[in-house]
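Source file: query_18.cif. Holds: mmCIF, C-alpha atoms and all ligand atoms.
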data_work
#
loop_
_atom_site.group_PDB
_atom_site.id
_atom_site.type_symbol
_atom_site.label_atom_id
_atom_site.label_comp_id
_atom_site.auth_asym_id
_atom_site.auth_seq_id
_atom_site.Cartn_x
_atom_site.Cartn_y
_atom_site.Cartn_z
ATOM 1 C CA MET A 147 -25.634 14.819 -11.000
ATOM 2 C CA GLN A 148 -22.193 15.911 -9.725
ATOM 3 C CA LEU A 149 -19.256 13.813 -11.005
ATOM 4 C CA PHE A 150 -15.863 13.174 -9.400
ATOM 5 C CA ASP A 151 -13.533 13.099 -12.394
ATOM 6 C CA GLU A 152 -10.126 11.495 -11.840
ATOM 7 C CA GLY A 153 -7.758 12.218 -14.706
ATOM 8 C CA LEU A 154 -4.537 10.659 -13.450
ATOM 9 C CA HIS A 155 -3.396 9.195 -16.742
ATOM 10 C CA SER A 156 -3.243 10.751 -20.209
ATOM 11 C CA GLY A 157 -6.475 10.116 -22.072
ATOM 12 C CA VAL A 158 -7.960 8.027 -19.267
ATOM 13 C CA ASN A 159 -10.524 9.363 -16.797
ATOM 14 C CA LEU A 160 -12.478 7.721 -13.998
ATOM 15 C CA ALA A 161 -15.836 9.362 -13.321
ATOM 16 C CA LEU A 162 -17.711 8.559 -10.115
ATOM 17 C CA SER A 163 -21.098 10.034 -9.266
ATOM 18 C CA VAL A 164 -20.971 12.201 -6.160
ATOM 19 C CA ASP A 165 -24.200 11.345 -4.391
ATOM 20 C CA LYS A 166 -23.225 13.424 -1.359
ATOM 21 C CA VAL A 167 -20.129 15.427 -0.426
ATOM 22 C CA ILE A 168 -19.209 14.522 3.137
ATOM 23 C CA TYR A 169 -16.054 16.629 3.397
ATOM 24 C CA ARG A 170 -13.888 18.718 1.101
ATOM 25 C CA ASP A 171 -11.021 21.007 2.057
ATOM 26 C CA GLU A 172 -7.332 21.665 1.687
ATOM 27 C CA THR A 173 -5.464 20.064 4.595
ATOM 28 C CA GLY A 174 -2.542 22.424 4.105
ATOM 29 C CA LEU A 175 -0.737 19.643 2.259
ATOM 30 C CA GLN A 176 -3.363 17.972 0.072
ATOM 31 C CA ASP A 177 -6.854 18.544 -1.295
ATOM 32 C CA LEU A 178 -8.905 15.986 0.653
ATOM 33 C CA MET A 179 -12.423 14.973 -0.366
ATOM 34 C CA ILE A 180 -14.744 12.346 1.071
ATOM 35 C CA PHE A 181 -17.951 11.639 -0.798
ATOM 36 C CA GLU A 182 -20.682 9.050 -1.118
ATOM 37 C CA ASN A 183 -20.988 6.933 -4.267
ATOM 38 C CA ASN A 184 -23.765 4.393 -4.715
ATOM 39 C CA THR A 185 -21.379 1.643 -5.834
ATOM 40 C CA PHE A 186 -18.227 2.219 -3.777
ATOM 41 C CA GLY A 187 -19.807 3.655 -0.636
ATOM 42 C CA LEU A 188 -17.671 6.358 0.971
ATOM 43 C CA VAL A 189 -14.714 7.377 -1.215
ATOM 44 C CA MET A 190 -11.617 9.306 -0.124
ATOM 45 C CA SER A 191 -9.573 11.225 -2.655
ATOM 46 C CA LEU A 192 -6.363 13.221 -2.256
ATOM 47 C CA ASP A 193 -5.417 15.817 -4.853
ATOM 48 C CA GLY A 194 -8.059 14.433 -7.189
ATOM 49 C CA ALA A 195 -6.917 10.781 -6.993
ATOM 50 C CA VAL A 196 -9.008 8.015 -5.423
ATOM 51 C CA GLN A 197 -7.185 6.708 -2.314
ATOM 52 C CA THR A 198 -9.619 4.263 -0.803
ATOM 53 C CA THR A 199 -13.267 3.300 -0.919
ATOM 54 C CA GLU A 200 -15.367 1.551 1.706
ATOM 55 C CA LYS A 201 -16.454 -1.214 -0.653
ATOM 56 C CA ASP A 202 -13.152 -2.325 -2.233
ATOM 57 C CA GLU A 203 -10.438 -1.303 0.261
ATOM 58 C CA PHE A 204 -10.359 -4.809 1.718
ATOM 59 C CA ILE A 205 -8.751 -6.161 -1.469
ATOM 60 C CA TYR A 206 -5.914 -3.631 -1.450
ATOM 61 C CA HIS A 207 -5.215 -3.705 2.285
ATOM 62 C CA GLU A 208 -5.444 -7.492 2.722
ATOM 63 C CA MET A 209 -2.986 -8.069 -0.133
ATOM 64 C CA PHE A 210 -0.720 -5.256 1.066
ATOM 65 C CA VAL A 211 -0.395 -6.737 4.574
ATOM 66 C CA HIS A 212 -1.016 -10.500 4.677
ATOM 67 C CA VAL A 213 1.242 -11.369 1.722
ATOM 68 C CA PRO A 214 4.491 -10.111 3.347
ATOM 69 C CA LEU A 215 3.523 -11.102 6.889
ATOM 70 C CA LEU A 216 2.511 -14.684 6.089
ATOM 71 C CA ALA A 217 5.395 -15.099 3.633
ATOM 72 C CA HIS A 218 7.874 -13.991 6.317
ATOM 73 C CA GLY A 219 6.291 -15.997 9.125
ATOM 74 C CA ASN A 220 7.952 -14.222 12.061
ATOM 75 C CA VAL A 221 7.184 -10.522 11.776
ATOM 76 C CA ARG A 222 7.295 -8.586 15.050
ATOM 77 C CA ARG A 223 7.859 -4.989 13.860
ATOM 78 C CA VAL A 224 6.212 -3.269 10.876
ATOM 79 C CA LEU A 225 6.780 0.260 9.569
ATOM 80 C CA VAL A 226 4.023 1.804 7.465
ATOM 81 C CA ILE A 227 4.909 4.913 5.480
ATOM 82 C CA GLY A 228 1.698 6.706 4.517
ATOM 83 C CA GLY A 229 -1.420 4.639 5.095
ATOM 84 C CA GLY A 230 -3.248 7.532 6.745
ATOM 85 C CA ASP A 231 -6.658 6.032 5.952
ATOM 86 C CA GLY A 232 -5.872 3.258 8.437
ATOM 87 C CA GLY A 233 -6.794 0.335 6.177
ATOM 88 C CA ALA A 234 -3.368 -1.282 6.281
ATOM 89 C CA ALA A 235 -3.213 -0.675 10.031
ATOM 90 C CA ARG A 236 -6.537 -2.463 10.510
ATOM 91 C CA GLN A 237 -5.248 -5.532 8.689
ATOM 92 C CA LEU A 238 -1.965 -5.432 10.612
ATOM 93 C CA MET A 239 -3.802 -5.415 13.949
ATOM 94 C CA LYS A 240 -5.308 -8.815 13.050
ATOM 95 C CA HIS A 241 -1.842 -10.311 13.618
ATOM 96 C CA GLN A 242 -0.653 -11.227 17.115
ATOM 97 C CA ASP A 243 2.662 -10.168 18.696
ATOM 98 C CA ILE A 244 3.080 -7.227 16.349
ATOM 99 C CA ALA A 245 4.211 -3.631 16.855
ATOM 100 C CA VAL A 246 3.417 -1.072 14.163
ATOM 101 C CA THR A 247 4.918 2.346 13.539
ATOM 102 C CA LEU A 248 2.799 4.375 11.100
ATOM 103 C CA VAL A 249 4.371 7.530 9.647
ATOM 104 C CA ASP A 250 2.066 9.813 7.683
ATOM 105 C CA ILE A 251 2.799 13.379 6.648
ATOM 106 C CA ASP A 252 -0.779 14.610 7.002
ATOM 107 C CA ARG A 253 -2.631 14.267 10.304
ATOM 108 C CA SER A 254 -5.845 15.488 8.669
ATOM 109 C CA VAL A 255 -6.043 12.276 6.622
ATOM 110 C CA ILE A 256 -5.971 10.206 9.805
ATOM 111 C CA ASP A 257 -8.407 12.416 11.701
ATOM 112 C CA LEU A 258 -10.916 12.643 8.844
ATOM 113 C CA SER A 259 -10.669 8.954 7.991
ATOM 114 C CA LYS A 260 -11.379 8.092 11.641
ATOM 115 C CA GLN A 261 -14.259 10.574 11.731
ATOM 116 C CA TYR A 262 -15.996 9.905 8.420
ATOM 117 C CA MET A 263 -14.750 6.430 7.290
ATOM 118 C CA PRO A 264 -14.263 4.545 10.604
ATOM 119 C CA SER A 265 -14.797 1.136 8.984
ATOM 120 C CA VAL A 266 -11.490 1.511 7.120
ATOM 121 C CA SER A 267 -9.250 1.922 10.179
ATOM 122 C CA GLY A 268 -11.541 -0.105 12.458
ATOM 123 C CA GLY A 269 -10.055 1.426 15.630
ATOM 124 C CA ALA A 270 -6.450 0.574 14.648
ATOM 125 C CA PHE A 271 -5.224 4.081 15.435
ATOM 126 C CA ASP A 272 -6.321 3.611 19.041
ATOM 127 C CA ASP A 273 -4.645 0.206 19.403
ATOM 128 C CA PRO A 274 -1.740 0.377 21.901
ATOM 129 C CA ARG A 275 0.358 -1.696 19.476
ATOM 130 C CA LEU A 276 0.335 1.178 16.985
ATOM 131 C CA ASP A 277 2.719 4.124 17.318
ATOM 132 C CA LEU A 278 1.546 7.040 15.141
ATOM 133 C CA VAL A 279 4.130 9.529 13.872
ATOM 134 C CA ILE A 280 3.180 12.614 11.862
ATOM 135 C CA ALA A 281 6.202 13.262 9.630
ATOM 136 C CA ASP A 282 7.561 13.067 6.117
ATOM 137 C CA GLY A 283 8.317 9.383 5.626
ATOM 138 C CA CYS A 284 11.376 10.246 3.551
ATOM 139 C CA ARG A 285 12.911 12.168 6.445
ATOM 140 C CA PHE A 286 11.808 9.615 9.046
ATOM 141 C CA VAL A 287 13.672 6.682 7.467
ATOM 142 C CA LYS A 288 16.747 8.853 6.976
ATOM 143 C CA GLU A 289 16.879 9.805 10.662
ATOM 144 C CA THR A 290 15.649 6.701 12.513
ATOM 145 C CA SER A 291 18.002 4.205 14.126
ATOM 146 C CA ASP A 292 15.216 1.650 14.515
ATOM 147 C CA ARG A 293 14.800 -1.439 12.308
ATOM 148 C CA TRP A 294 11.699 -3.220 11.111
ATOM 149 C CA ASP A 295 10.902 -6.683 9.707
ATOM 150 C CA VAL A 296 8.501 -5.327 7.071
ATOM 151 C CA ILE A 297 8.194 -1.829 5.605
ATOM 152 C CA ILE A 298 4.922 -1.065 3.828
ATOM 153 C CA ILE A 299 5.019 2.039 1.635
ATOM 154 C CA ASP A 300 1.323 2.888 1.417
ATOM 155 C CA SER A 301 1.840 6.187 -0.374
ATOM 156 C CA THR A 302 -0.119 8.347 -2.724
ATOM 157 C CA ASP A 303 1.034 8.223 -6.356
ATOM 158 C CA PRO A 304 4.360 9.896 -7.206
ATOM 159 C CA HIS A 305 2.925 13.422 -7.275
ATOM 160 C CA GLY A 306 2.888 16.066 -4.524
ATOM 161 C CA PRO A 307 4.119 14.916 -1.095
ATOM 162 C CA GLY A 308 4.220 11.286 -2.241
ATOM 163 C CA GLU A 309 6.784 11.877 -4.979
ATOM 164 C CA VAL A 310 9.780 11.455 -2.627
ATOM 165 C CA LEU A 311 8.554 7.983 -1.665
ATOM 166 C CA TYR A 312 9.549 6.595 -5.062
ATOM 167 C CA THR A 313 13.175 7.780 -5.135
ATOM 168 C CA ALA A 314 16.345 5.679 -5.046
ATOM 169 C CA GLU A 315 17.484 7.662 -2.010
ATOM 170 C CA PHE A 316 14.298 6.858 -0.099
ATOM 171 C CA TYR A 317 14.543 3.152 -0.945
ATOM 172 C CA ALA A 318 18.171 3.113 0.217
ATOM 173 C CA ASP A 319 17.178 4.709 3.521
ATOM 174 C CA CYS A 320 14.360 2.166 3.887
ATOM 175 C CA LYS A 321 16.909 -0.617 3.393
ATOM 176 C CA SER A 322 19.043 0.900 6.170
ATOM 177 C CA CYS A 323 16.216 0.425 8.651
ATOM 178 C CA LEU A 324 15.088 -2.978 7.399
ATOM 179 C CA ALA A 325 16.096 -6.226 9.117
ATOM 180 C CA ASP A 326 18.512 -8.368 7.091
ATOM 181 C CA ASP A 327 15.719 -10.824 6.240
ATOM 182 C CA GLY A 328 13.132 -8.057 5.941
ATOM 183 C CA ILE A 329 10.674 -7.258 3.149
ATOM 184 C CA ILE A 330 9.706 -3.919 1.574
ATOM 185 C CA ILE A 331 6.298 -3.628 -0.109
ATOM 186 C CA THR A 332 5.294 -0.656 -2.254
ATOM 187 C CA GLN A 333 2.074 0.684 -3.728
ATOM 188 C CA ASN A 334 3.243 0.652 -7.342
ATOM 189 C CA GLY A 335 0.199 1.706 -9.332
ATOM 190 C CA VAL A 336 -1.448 0.180 -12.395
ATOM 191 C CA PRO A 337 1.180 -1.125 -14.872
ATOM 192 C CA PHE A 338 -0.958 -0.633 -17.977
ATOM 193 C CA VAL A 339 -1.096 3.146 -17.384
ATOM 194 C CA GLN A 340 1.935 3.583 -15.080
ATOM 195 C CA GLU A 341 4.615 1.525 -16.837
ATOM 196 C CA THR A 342 7.310 4.115 -16.148
ATOM 197 C CA GLU A 343 6.717 4.061 -12.397
ATOM 198 C CA LEU A 344 6.781 0.263 -12.424
ATOM 199 C CA ARG A 345 10.100 0.117 -14.262
ATOM 200 C CA GLU A 346 11.678 2.862 -12.160
ATOM 201 C CA SER A 347 10.756 1.115 -8.912
ATOM 202 C CA TYR A 348 12.032 -2.187 -10.319
ATOM 203 C CA ASP A 349 15.371 -0.651 -11.283
ATOM 204 C CA ARG A 350 15.809 1.353 -8.071
ATOM 205 C CA LEU A 351 14.870 -1.513 -5.746
ATOM 206 C CA GLY A 352 16.857 -3.926 -7.914
ATOM 207 C CA ALA A 353 20.004 -1.914 -7.202
ATOM 208 C CA LEU A 354 19.518 -2.607 -3.478
ATOM 209 C CA PHE A 355 17.921 -6.053 -3.189
ATOM 210 C CA ASN A 356 18.456 -9.451 -4.831
ATOM 211 C CA ASP A 357 14.797 -10.465 -4.874
ATOM 212 C CA VAL A 358 12.638 -7.780 -6.495
ATOM 213 C CA THR A 359 9.348 -8.377 -8.240
ATOM 214 C CA PHE A 360 5.681 -7.430 -8.121
ATOM 215 C CA TYR A 361 2.477 -9.149 -7.180
ATOM 216 C CA LEU A 362 -0.923 -8.239 -8.510
ATOM 217 C CA ALA A 363 -4.502 -7.593 -7.458
ATOM 218 C CA ALA A 364 -7.423 -5.964 -9.231
ATOM 219 C CA ILE A 365 -8.793 -3.012 -7.262
ATOM 220 C CA PRO A 366 -12.102 -1.990 -8.886
ATOM 221 C CA SER A 367 -11.696 1.729 -8.082
ATOM 222 C CA TYR A 368 -8.169 1.941 -9.555
ATOM 223 C CA VAL A 369 -8.597 2.742 -13.223
ATOM 224 C CA GLY A 370 -6.532 1.013 -15.933
ATOM 225 C CA GLY A 371 -6.607 -2.626 -14.882
ATOM 226 C CA ILE A 372 -4.755 -4.759 -12.380
ATOM 227 C CA MET A 373 -2.480 -3.003 -9.866
ATOM 228 C CA ALA A 374 1.032 -3.936 -8.735
ATOM 229 C CA PHE A 375 2.551 -4.175 -5.277
ATOM 230 C CA GLY A 376 6.336 -3.946 -5.325
ATOM 231 C CA TRP A 377 8.229 -6.663 -3.396
ATOM 232 C CA ALA A 378 11.884 -6.267 -2.386
ATOM 233 C CA SER A 379 13.952 -8.474 -0.087
ATOM 234 C CA ASN A 380 17.397 -10.034 0.269
ATOM 235 C CA HIS A 381 15.791 -13.242 1.507
ATOM 236 C CA PRO A 382 14.284 -15.053 -1.524
ATOM 237 C CA ALA A 383 13.000 -17.869 0.687
ATOM 238 C CA HIS A 384 10.186 -15.572 1.799
ATOM 239 C CA ARG A 385 8.752 -15.299 -1.711
ATOM 240 C CA ASN A 386 9.306 -18.982 -2.397
ATOM 241 C CA VAL A 387 7.451 -20.138 0.712
ATOM 242 C CA SER A 388 5.368 -23.226 -0.095
ATOM 243 C CA LEU A 389 1.591 -23.153 -0.394
ATOM 244 C CA ALA A 390 1.404 -25.730 2.391
ATOM 245 C CA THR A 391 3.438 -23.513 4.743
ATOM 246 C CA LEU A 392 1.344 -20.474 3.851
ATOM 247 C CA ALA A 393 -1.831 -22.443 4.537
ATOM 248 C CA GLU A 394 -0.508 -23.542 7.925
ATOM 249 C CA ARG A 395 0.473 -20.004 8.856
ATOM 250 C CA TYR A 396 -2.845 -18.559 7.615
ATOM 251 C CA LEU A 397 -4.791 -21.088 9.691
ATOM 252 C CA ALA A 398 -2.610 -20.581 12.756
ATOM 253 C CA SER A 399 -2.908 -16.782 12.509
ATOM 254 C CA GLY A 400 -6.667 -16.993 12.917
ATOM 255 C CA ILE A 401 -7.108 -13.912 10.753
ATOM 256 C CA ALA A 402 -10.359 -13.454 8.861
ATOM 257 C CA THR A 403 -10.146 -12.230 5.260
ATOM 258 C CA ASP A 404 -12.500 -11.557 2.361
ATOM 259 C CA TYR A 405 -9.989 -11.576 -0.481
ATOM 260 C CA TYR A 406 -6.689 -13.098 0.693
ATOM 261 C CA THR A 407 -6.181 -16.855 0.578
ATOM 262 C CA PRO A 408 -2.865 -18.739 0.430
ATOM 263 C CA GLU A 409 -3.709 -19.774 -3.165
ATOM 264 C CA VAL A 410 -4.397 -16.153 -4.166
ATOM 265 C CA HIS A 411 -1.126 -15.176 -2.466
ATOM 266 C CA LYS A 412 0.933 -17.578 -4.554
ATOM 267 C CA ALA A 413 -0.969 -16.825 -7.770
ATOM 268 C CA ALA A 414 -0.560 -13.053 -7.324
ATOM 269 C CA PHE A 415 3.162 -13.357 -8.110
ATOM 270 C CA ALA A 416 2.493 -14.886 -11.559
ATOM 271 C CA LEU A 417 3.194 -11.898 -13.805
ATOM 272 C CA PRO A 418 1.561 -11.852 -17.259
ATOM 273 C CA LEU A 419 4.046 -11.660 -20.118
ATOM 274 C CA HIS A 420 3.313 -8.024 -21.012
ATOM 275 C CA ILE A 421 4.248 -6.971 -17.461
ATOM 276 C CA GLN A 422 7.349 -9.182 -17.511
ATOM 277 C CA LYS A 423 8.337 -7.452 -20.758
ATOM 278 C CA MET A 424 7.851 -4.034 -19.133
ATOM 279 C CA LEU A 425 10.489 -5.028 -16.591
ATOM 280 C CA THR A 426 12.983 -6.444 -19.088
ATOM 281 C CA ARG A 427 12.223 -3.676 -21.583
ATOM 282 C CA GLU A 428 11.361 -6.200 -24.274
ATOM 283 C CA LYS A 429 8.925 -4.948 -26.864
HETATM 284 N N1 LIG B 501 -4.322 3.395 -1.301
HETATM 285 C C1 LIG B 501 -3.747 4.685 -1.707
HETATM 286 C C2 LIG B 501 -3.097 4.546 -3.056
HETATM 287 O O1 LIG B 501 -3.032 3.426 -3.555
HETATM 288 O O2 LIG B 501 -2.690 5.584 -3.598
HETATM 289 C C3 LIG B 501 -2.846 5.221 -0.627
HETATM 290 C C4 LIG B 501 -3.629 5.574 0.559
HETATM 291 S S1 LIG B 501 -2.947 6.501 1.855
HETATM 292 C C5 LIG B 501 -4.282 7.564 2.130
HETATM 293 C C6 LIG B 501 -1.717 7.554 1.153
HETATM 294 C C7 LIG B 501 -1.077 8.377 2.263
HETATM 295 O O3 LIG B 501 0.252 8.783 1.923
HETATM 296 C C8 LIG B 501 -1.819 9.680 2.638
HETATM 297 O O4 LIG B 501 -2.351 9.569 3.936
HETATM 298 C C9 LIG B 501 -0.742 10.777 2.558
HETATM 299 O O5 LIG B 501 -0.885 11.764 3.559
HETATM 300 C C10 LIG B 501 0.512 9.947 2.720
HETATM 301 N N2 LIG B 501 1.760 10.564 2.252
HETATM 302 C C11 LIG B 501 1.984 11.196 1.075
HETATM 303 N N3 LIG B 501 3.265 11.638 1.023
HETATM 304 C C12 LIG B 501 3.860 11.268 2.203
HETATM 305 C C13 LIG B 501 5.172 11.419 2.750
HETATM 306 N N4 LIG B 501 6.128 12.058 2.061
HETATM 307 N N5 LIG B 501 5.418 10.893 3.966
HETATM 308 C C14 LIG B 501 4.448 10.242 4.668
HETATM 309 N N6 LIG B 501 3.173 10.062 4.207
HETATM 310 C C15 LIG B 501 2.896 10.581 2.983
#
Is it possible to express this structure as structure tokens?
Amino acid sequence: MQLFDEGLHSGVNLALSVDKVIYRDETGLQDLMIFENNTFGLVMSLDGAVQTTEKDEFIYHEMFVHVPLLAHGNVRRVLVIGGGDGGAARQLMKHQDIAVTLVDIDRSVIDLSKQYMPSVSGGAFDDPRLDLVIADGCRFVKETSDRWDVIIIDSTDPHGPGEVLYTAEFYADCKSCLADDGIIITQNGVPFVQETELRESYDRLGALFNDVTFYLAAIPSYVGGIMAFGWASNHPAHRNVSLATLAERYLASGIATDYYTPEVHKAAFALPLHIQKMLTREK
């Protein structure tokens, strides 16, 4: 039996059986593989790291999208940096009166996700409300004069083309194109095995925003335990929205979910002590 062996973190490997290789090639920017696994369904990896799987992507993409949008309550414009598999875009399209700009550096990810894993994007790339830009997200935010209510940084881990999407300079440029009451959300990895990335994002975002924290969700295909989404805003009221208000907004939105609930939303921000200590550098 062929194994997909992800060795992202020192001493920790994730092995998935490869029941069938659907696609495997260099895109010119990244090594892209799509394969079948009897537990996770179709799996996409980039440069040897699992990006998304058919069976558990709903957890990641629902929490990535509905937490900031329902917390904010009046989002009209969303910028997605990365997100080439289309999962975040599919969740975004569930919301009314929304315009999405999605900037991904690698068109092959979009094309191959649409072709081989259509359930992930669910037609979002063909929705007239979505404007697709093929570019380096770091350069895009530096050059744009547009502004967005929410910026979702759905990047690969800080290696290869994704590395620039974790820099202080990139975060500062994101702030420049964020509305004053806007929210930035990051894919910030698994704290137990990526403590350094967590702390660096916390420090770099903390230098720009007065409300910076993380919220958590367990993604079965992300090895090392619960994963963290970074949250940064200069409008603390968004994070402190009441459960009752969230429930009203969730009901009014009419969106269907399989993981997200208003209660899960609020609970996701409760950081366990060991993660709090990572941020304050307590031992
Ligand atoms: N869920 C995944 C995770 O947690 O790592 C992320 C999924 S998504 C496929 C990651 C996307 O980031 C890819 O489509 C990749 O092409 C894109 N990407 C990497 N570096 C980028 C950059 N500098 N600018 C824009 N997109 C980038």
**OP:** Enumerate residues in contact with ligand LIG 501 (chain B): an atom-to-atom distance of at most 9 Å, counting all atoms listed in the file. Format the result as a PyMOL selection string.
**Re:** chain A and resi 175-176+190-192+195-199+203+206-207+226-234+248-256+259+280-286+299-311+333-335+368
Using the file's own x, y and z axes, what box holds all listed atoms of range 163-179 of chain A with 3 Å on each side, keeping edges along x, y and z, and what are its centre and edge lengths in Å to one decimal, as JSON?
{"center_x": -12.5, "center_y": 16.2, "center_z": -2.3, "size_x": 29.5, "size_y": 18.4, "size_z": 19.9}
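What the PyMOL selection byres (((chain A and resi 237) around 9) and not hetatm) matches in the given file is Phe204, His207, Glu208, Phe210, Val211, His212, Gly232, Gly233, Ala234, Ala235, Arg236, Leu238, Met239, Lys240, His241, Ser267, Ala270, Ile401 and Thr403 of chain A.
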Subject >> Among the residues A:Lys321, A:Lys166, A:Arg395, A:Arg350, the one that comes closest to Asn220 in chain A [using only C-alpha atoms] >> reply: A:Arg395
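Atom pair CA of Val213 in chain A / CA of Tyr406 in chain A has a distance of 8.2 Å (rounded to one decimal).
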Restrict the calculation to all atoms listed in the file, then for each residue of range 182-297 of chain A with any atom at most 9 Å from an atom of range 379-391 of chain A give the closest atom pair and their distance in Å to one decimal, rows by chain and rising residue number, as a Markdown table.
| residue | atom | partner | partner_atom | distance |
| --- | --- | --- | --- | --- |
| A:Pro214 | CA | A:His384 | CA | 8.0 |
| A:Leu216 | CA | A:His384 | CA | 8.8 |
| A:Ala217 | CA | A:His384 | CA | 5.2 |
| A:His218 | CA | A:His384 | CA | 5.3 |
| A:Gly219 | CA | A:His384 | CA | 8.3 |
Subject >> Nearest residue to Val189 in chain A from the set A:Ser265, A:Asp257, A:Thr426, A:Asp295 (distances using all atoms listed in the file) >> reply: A:Ser265
